[in-house]
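**Student:** Dropping in model.txt, with compact mmCIF, C-alpha atoms.
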# COMPACT_ATOMS: atom_id res chain seq x y z
CA MET A 1 99.77 107.29 72.55
CA THR A 2 101.58 104.09 73.52
CA ASN A 3 102.86 101.41 71.13
CA PRO A 4 102.29 97.61 71.37
CA LEU A 5 105.69 97.06 73.03
CA GLU A 6 104.88 99.51 75.83
CA ARG A 7 101.41 98.06 76.33
CA TYR A 8 102.76 94.51 76.43
CA GLN A 9 105.30 95.53 79.08
CA LYS A 10 102.46 97.08 81.12
CA LEU A 11 100.83 93.65 81.29
CA GLY A 12 103.77 92.60 83.51
CA LEU A 13 103.86 88.98 82.35
CA SER A 14 107.61 88.50 82.82
CA GLU A 15 107.37 89.78 86.41
CA SER A 16 104.30 87.64 87.16
CA LEU A 17 105.52 84.28 85.84
CA PRO A 18 107.79 83.55 88.89
CA LYS A 19 104.81 84.06 91.25
CA THR A 20 103.00 80.78 91.91
CA TYR A 21 99.54 82.33 92.24
CA ARG A 22 99.87 84.29 88.98
CA TYR A 23 101.79 81.78 86.87
CA PRO A 24 98.76 79.91 85.38
CA ILE A 25 96.97 83.12 84.41
CA ALA A 26 100.16 84.65 82.95
CA CYS A 27 100.74 81.47 80.91
CA ARG A 28 97.21 81.59 79.51
CA GLU A 29 97.48 85.27 78.59
CA LEU A 30 100.79 84.49 76.89
CA SER A 31 99.06 81.65 75.03
CA PHE A 32 96.36 83.93 73.66
CA ILE A 33 98.94 86.55 72.71
CA LEU A 34 100.91 83.95 70.75
CA ARG A 35 97.84 82.68 68.91
CA GLU A 36 96.11 85.96 68.18
CA ALA A 37 98.80 88.61 67.94
CA PHE A 38 102.35 87.22 67.60
CA HIS A 39 102.39 87.41 63.78
CA GLN A 40 101.25 91.07 63.94
CA PHE A 41 103.96 92.19 66.37
CA PRO A 42 107.17 93.96 65.31
CA LYS A 43 110.37 91.88 65.50
CA ASN A 44 111.55 93.36 68.81
CA LEU A 45 108.25 92.54 70.53
CA GLN A 46 108.20 89.05 69.00
CA SER A 47 111.62 88.45 70.56
CA ILE A 48 110.39 89.54 74.02
CA VAL A 49 107.27 87.34 73.80
CA PHE A 50 109.42 84.38 72.74
CA GLN A 51 111.79 84.87 75.69
CA ASP A 52 108.82 85.10 78.07
CA THR A 53 107.52 81.83 76.63
CA LEU A 54 110.86 80.11 77.29
CA SER A 55 110.89 81.56 80.82
CA ALA A 56 107.40 80.14 81.44
CA PHE A 57 108.61 76.65 80.53
CA ARG A 58 111.80 76.96 82.61
CA LEU A 59 109.85 78.06 85.68
CA LEU A 60 107.42 75.13 85.63
CA PRO A 61 109.49 72.85 87.96
CA GLU A 62 109.30 75.54 90.67
CA ILE A 63 105.49 75.87 90.39
CA GLN A 64 104.18 72.67 91.92
CA THR A 65 100.48 73.00 91.10
CA GLN A 66 98.17 71.14 88.72
CA SER A 67 96.79 74.40 87.34
CA ALA A 68 100.35 75.35 86.32
CA VAL A 69 100.77 72.07 84.42
CA SER A 70 97.44 72.61 82.63
CA ALA A 71 98.36 76.18 81.73
CA VAL A 72 101.79 75.24 80.40
CA HIS A 73 100.26 72.53 78.17
CA PHE A 74 97.89 75.17 76.81
CA LEU A 75 100.92 77.40 76.18
CA LEU A 76 102.64 74.54 74.31
CA GLN A 77 99.64 74.25 71.97
CA SER A 78 99.94 77.96 71.17
CA VAL A 79 103.69 77.59 70.59
CA GLU A 80 103.09 74.80 68.08
CA ALA A 81 100.38 76.82 66.32
CA ALA A 82 102.01 80.25 66.19
CA LEU A 83 105.81 80.14 66.26
CA PRO A 84 108.02 79.66 63.19
CA LYS A 85 109.79 76.31 62.92
CA GLN A 86 113.15 77.23 64.49
CA LYS A 87 111.66 79.04 67.48
CA LYS A 88 109.06 76.29 67.88
CA ASN A 89 111.74 73.59 68.09
CA VAL A 90 113.63 75.54 70.76
CA ALA A 91 110.46 76.10 72.81
CA VAL A 92 109.29 72.48 72.54
CA THR A 93 112.71 71.25 73.72
CA GLU A 94 112.52 73.64 76.69
CA PHE A 95 109.05 72.32 77.51
CA LYS A 96 110.23 68.69 77.50
CA HIS A 97 113.14 69.49 79.84
CA ALA A 98 110.77 71.38 82.14
CA MET A 99 108.31 68.47 82.33
CA VAL A 100 111.09 66.02 83.23
CA ALA A 101 112.32 68.32 86.01
CA HIS A 102 108.74 68.87 87.22
CA LYS A 103 108.07 65.13 87.54
CA ARG A 104 111.32 64.62 89.46
CA ARG A 105 110.36 67.33 91.95
CA CYS A 106 106.89 65.84 92.37
CA LYS A 107 108.41 62.47 93.29
CA ALA A 108 110.74 64.15 95.79
CA HIS A 109 107.78 65.94 97.43
CA GLN A 110 105.86 62.69 97.83
CA VAL A 111 108.44 61.57 100.40
CA GLU A 112 107.31 64.42 102.68
CA LYS A 113 103.68 63.24 102.88
CA GLY A 114 104.21 61.67 106.30
CA SER A 115 104.98 65.01 107.95
CA LEU A 116 102.75 66.23 110.82
CA PRO A 117 99.99 68.75 109.93
CA LEU A 118 100.17 72.30 111.30
CA PRO A 119 97.88 73.21 114.25
CA GLN A 120 94.66 75.03 113.33
CA ASP A 121 95.65 78.30 115.01
CA ILE A 122 98.90 78.40 113.00
CA LEU A 123 96.99 77.73 109.78
CA VAL A 124 94.53 80.53 110.56
CA LEU A 125 97.43 82.91 111.20
CA ILE A 126 99.09 81.98 107.91
CA PHE A 127 95.81 82.25 105.99
CA SER A 128 95.22 85.74 107.40
CA PHE A 129 97.84 87.02 104.94
CA LEU A 130 95.92 85.73 101.88
CA ASP A 131 93.54 87.58 99.61
CA MET A 132 90.00 86.25 99.17
CA LYS A 133 90.56 84.10 96.08
CA SER A 134 93.67 82.50 97.62
CA LEU A 135 91.76 81.87 100.85
CA VAL A 136 89.07 79.99 98.95
CA SER A 137 91.71 78.03 97.03
CA VAL A 138 93.57 76.79 100.13
CA GLY A 139 90.23 75.67 101.56
CA LEU A 140 90.05 73.09 98.76
CA VAL A 141 93.36 71.40 99.63
CA CYS A 142 92.26 69.12 102.47
CA ARG A 143 89.83 68.91 105.39
CA SER A 144 92.03 70.62 108.00
CA TRP A 145 92.83 73.49 105.64
CA ASN A 146 89.15 73.82 104.76
CA ILE A 147 88.24 74.19 108.45
CA ALA A 148 90.93 76.83 108.97
CA ALA A 149 90.02 78.72 105.78
CA ASN A 150 86.40 79.00 106.97
CA ASP A 151 87.37 80.69 110.22
CA ASN A 152 84.86 83.48 110.83
CA HIS A 153 87.50 86.05 111.78
CA LEU A 154 89.35 85.50 108.48
CA TRP A 155 86.19 86.34 106.55
CA GLU A 156 85.55 89.38 108.71
CA MET A 157 89.01 90.59 107.66
CA GLN A 158 88.13 89.91 104.01
CA TYR A 159 84.90 91.89 104.35
CA VAL A 160 86.70 94.85 105.91
CA ALA A 161 89.40 94.74 103.22
CA LEU A 162 86.79 94.85 100.46
CA PHE A 163 84.12 97.15 101.88
CA GLY A 164 85.71 99.06 104.74
CA GLY A 165 83.60 97.37 107.39
CA ARG A 166 80.61 99.71 107.34
CA ALA A 167 79.33 99.46 103.77
CA LYS A 168 78.90 97.05 100.91
CA LEU A 169 78.82 97.43 97.15
CA VAL A 170 75.60 96.77 95.24
CA GLU A 171 74.93 96.84 91.52
CA GLY A 172 72.87 99.80 90.36
CA LYS A 173 71.72 100.93 86.94
CA ASN A 174 73.99 100.19 83.96
CA ASN A 175 76.03 97.74 86.05
CA ARG A 176 77.43 100.65 88.10
CA LEU A 177 78.62 99.72 91.57
CA LEU A 178 77.18 101.80 94.42
CA LEU A 179 77.92 102.01 98.12
CA GLU A 180 75.17 100.92 100.52
CA PRO A 181 75.47 101.36 104.32
CA ILE A 182 75.21 98.23 106.45
CA ASP A 183 75.05 97.60 110.19
CA THR A 184 77.98 95.22 110.76
CA ARG A 185 76.86 94.55 114.35
CA ILE A 186 74.15 92.20 113.09
CA ILE A 187 76.55 90.06 111.05
CA THR A 188 77.37 86.70 112.61
CA ASP A 189 78.54 84.75 109.55
CA TRP A 190 81.10 86.87 107.74
CA LYS A 191 81.64 84.43 104.88
CA GLU A 192 77.92 84.58 104.09
CA ALA A 193 78.13 88.38 104.27
CA VAL A 194 80.83 88.37 101.61
CA LYS A 195 78.84 85.88 99.51
CA GLY A 196 75.79 88.12 99.83
CA ALA A 197 77.64 90.87 97.98
CA TYR A 198 78.85 88.38 95.41
CA THR A 199 76.55 89.23 92.49
CA GLY A 200 76.56 90.95 89.12
CA ALA A 201 79.39 93.31 88.24
CA LEU A 202 81.07 92.85 91.61
CA SER A 203 81.07 89.08 91.03
CA ARG A 204 83.03 89.51 87.82
CA ILE A 205 85.65 91.64 89.57
CA LEU A 206 86.06 89.31 92.54
CA THR A 207 86.59 86.25 90.32
CA THR A 208 89.37 87.60 88.13
CA SER A 209 93.01 88.49 88.71
CA ARG A 210 93.05 91.00 85.86
CA GLY A 211 91.23 94.28 85.48
CA TYR A 212 91.26 97.54 83.57
CA CYS A 213 91.85 100.39 86.00
CA GLY A 214 90.04 103.62 85.20
CA HIS A 215 92.69 105.61 87.09
CA CYS A 216 95.74 104.00 85.46
CA LYS A 217 94.09 103.66 82.02
CA SER A 218 95.73 100.25 81.63
CA VAL A 219 95.33 96.53 82.36
CA VAL A 220 96.64 95.68 85.84
CA TRP A 221 96.98 92.69 88.16
CA LEU A 222 94.42 92.97 90.96
CA ASN A 223 95.31 92.60 94.63
CA ASN A 224 92.19 91.52 96.53
CA SER A 225 90.04 92.93 93.70
CA LYS A 226 91.81 96.32 93.79
CA CYS A 227 94.41 98.05 91.65
CA PRO A 228 97.86 97.66 93.31
CA ASN A 229 98.92 101.17 92.35
CA VAL A 230 98.73 104.36 94.40
CA HIS A 231 94.93 104.67 94.68
CA SER A 232 93.10 104.24 97.98
CA GLY A 233 89.53 103.79 99.14
CA ILE A 234 86.43 101.85 98.15
CA SER A 235 86.19 103.80 94.87
CA GLU A 236 88.98 101.59 93.51
CA ILE A 237 86.60 98.67 93.04
CA GLN A 238 84.08 100.90 91.27
CA ASP A 239 86.75 101.94 88.73
CA ILE A 240 87.83 98.35 87.88
CA LYS A 241 86.53 96.42 84.89
CA PRO A 242 87.31 92.67 84.70
CA VAL A 243 89.54 91.70 81.77
CA THR A 244 89.67 88.40 79.89
CA ALA A 245 92.72 87.04 78.07
CA PHE A 246 91.10 87.96 74.76
CA GLN A 247 90.69 91.54 75.96
CA ALA A 248 94.33 91.64 77.07
CA VAL A 249 95.33 90.77 73.48
CA GLU A 250 92.99 93.46 72.20
CA TYR A 251 94.56 95.97 74.58
CA VAL A 252 98.11 95.19 73.39
CA LEU A 253 97.19 95.33 69.70
CA GLU A 254 94.80 98.27 69.59
CA ASP A 255 95.06 100.12 72.93
CA SER A 256 91.31 99.59 73.40
CA LEU A 257 89.11 97.41 75.57
CA SER A 258 85.62 96.23 74.65
CA VAL A 259 83.16 95.93 77.56
CA THR A 260 81.20 92.70 77.98
CA SER A 261 77.73 92.45 79.44
CA SER A 262 76.85 90.57 82.60
CA SER A 263 75.49 87.61 80.68
CA ASP A 264 78.55 87.49 78.42
CA SER A 265 80.85 87.56 81.38
CA ASP A 266 79.07 84.68 83.05
CA SER A 267 79.47 82.53 79.97
CA ASP A 268 83.10 83.45 79.24
CA SER A 269 85.63 80.68 79.59
CA GLU A 270 89.35 81.20 79.10
CA GLY A 271 90.15 77.56 79.47
CA GLY A 272 89.27 77.69 83.14
CA THR A 273 90.98 80.91 84.20
CA VAL A 274 87.82 82.40 85.76
CA PHE A 275 87.25 80.74 89.10
CA ARG A 276 83.84 79.98 90.64
CA LEU A 277 84.70 80.82 94.23
CA TRP A 278 81.75 79.09 95.83
CA ALA A 279 81.79 75.88 93.75
CA TYR A 280 83.38 73.20 95.92
CA PRO A 281 84.44 69.78 94.61
CA LYS A 282 82.27 66.81 95.63
CA HIS A 283 84.86 65.36 98.00
CA ILE A 284 84.81 68.59 100.04
CA ARG A 285 81.00 68.86 100.32
CA LYS A 286 80.22 66.39 103.09
Would you mind giving the structure from this file in structure tokens?

**Tutor:**
Amino acid sequence: MTNPLERYQKLGLSESLPKTYRYPIACRELSFILREAFHQFPKNLQSIVFQDTLSAFRLLPEIQTQSAVSAVHFLLQSVEAALPKQKKNVAVTEFKHAMVAHKRRCKAHQVEKGSLPLPQDILVLIFSFLDMKSLVSVGLVCRSWNIAANDNHLWEMQYVALFGGRAKLVEGKNNRLLLEPIDTRIITDWKEAVKGAYTGALSRILTTSRGYCGHCKSVVWLNNSKCPNVHSGISEIQDIKPVTAFQAVEYVLEDSLSVTSSSDSDSDSEGGTVFRLWAYPKHIRK
């Protein structure tokens, strides 16, 4: 039986904050933990959560994304609502310093806007190292990146990474994911093939960075919809349940995880942490 300190450490927030692609989600989980659980934690765990909060603010200048700025403002609201006066003053001061440094770096980066764009083949090569959610995200940056991110071979690689190339997952009874054989020789549009599998329980897994692993019996960060630990094979996806920030708090406090239904999952909103992978902004859809 683990205690709240051990379960909080398993969330890996302190290790995830320095990573640009995980920073916004880690900040939002930290925000919910502050609001819902900080006052229930023992003193030693409160100290660790407070230090992680300060680290989140200090790292902001290095994370040059709008989602990071939004997440850190959400974290500030939780700081002001949950922390005692002395700790709150320290955290707010750290936030102000971080925002000043962030704005200075943004101005410095604006000078580089006149640089030449990378060739399409180089972009495709770079994007081949991304997981599916990251690949969709870079496709929203600009027109040239969108063209590269929609390269058919990249999506064939994504399909193989998810389904092994010769099968796909479908939702069976009780939201259970099942393997279904497929003839990959007839596929010409690999992005559409991935989208075709993008329904129900599988949809909820593919659109989150957090999941509860049935093998590990804990909340883990997902790498391309799979547990990053020692497991292998398609069965990994079948043993993953998507986890919201509220459920992460529940896990730390009670070592339990409630299961949401498909309709509940579709309506969940953690302040924008669940991404709609196929919803493109208007300026991209031309």

**Student:** So, with all atoms listed in the file as the atoms that count, which of A:Ile63, A:Gly139, A:Ala81, A:Met132 lies closest to Lys103 (chain A)?

**Tutor:**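 The closest residue to Lys103 (chain A) is A:Ile63.
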
**Student:** Identify which of the residues A:Ser218, A:Ser256, A:Thr2, A:Ser55 lies closest to Glu15 (chain A), counting only C-alpha atoms when measuring atom-to-atom distances.

**Tutor:**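 Ranked by minimum distance to Glu15 (chain A), first place goes to A:Ser55.
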
**Student:** So which one's closest to Ser31 (chain A), A:Leu54, A:Leu5, A:Ala245, A:Ile126? Using all atoms listed in the file, please.

**Tutor:**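 Answer, going by the shortest atom-to-atom distance: A:Ala245.
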
**Student:** Starting from 8 Å padding per side, set up an axis-aligned box that covers all listed atoms of region 92-99 of chain A and hand over centre and edge lengths in Å, one decimal, as AutoDock Vina command-line options.

**Tutor:**
--center_x 110.7 --center_y 71.1 --center_z 77.4 --size_x 20.8 --size_y 21.2 --size_z 25.8

**Student:** Which value, in Å to one decimal, gives the distance between CA of Glu254 (chain A) and CA of Arg7 (chain A)?

**Tutor:**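 Between CA of Glu254 (chain A) and CA of Arg7 (chain A) the gap is 9.4 Å.
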
**Student:** Give me, as number ranges by chain, all polymer residues having an atom no more than 10 Å from Phe32 (chain A), counting all atoms listed in the file and skipping those fewer than 3 positions away in the same chain.

**Tutor:** A: 27-29, 35-38, 74-75, 78, 245-249, 270

**Student:** Pick out the residues sitting within 10 Å of Asn152 (chain A), and hand them over as a list of chain:residue names; count all atoms listed in the file, and ignore anything fewer than 2 positions along from it in its own chain.

**Tutor:**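 The residues satisfying every condition are A:Ala148, A:Ala149, A:Asn150, A:Leu154, A:Trp155, A:Glu156, A:Met157, A:Gln158, A:Thr188, A:Asp189, A:Trp190, A:Lys191, A:Glu192.
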
**Student:** When you draw a straight line from CA of Val252 (chain A) to CA of Pro4 (chain A), how long is it in Å?

**Tutor:** 5.2 Å

**Student:** CA of Asn146 (chain A) and CA of Thr20 (chain A) are how many Å apart?

**Tutor:**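 One can read the CA of Asn146 (chain A) to CA of Thr20 (chain A) distance as 20.1 Å.
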
**Student:** So, counting only C-alpha atoms, which residue among A:Thr65, A:Thr93, A:Gln120, A:Gln86 is closest to Val141 (chain A)?

**Tutor:**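 Among the listed residues, the smallest separation from Val141 (chain A) belongs to A:Thr65.
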
**Student:** Looking at all atoms listed in the file, which of A:Ile122, A:Val72, A:Ala82, A:Leu13 is the one that sits closest to Gln51 (chain A)?

**Tutor:**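 Looking only at the distances to Gln51 (chain A), the closest residue turns out to be A:Leu13.
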
**Student:** Hey, which of A:Phe57, A:Glu62, A:Pro24, A:Leu222 ends up closest to Cys106 (chain A)? Count all atoms listed in the file.

**Tutor:**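 Closest to Cys106 (chain A), using all atoms listed in the file: A:Glu62.
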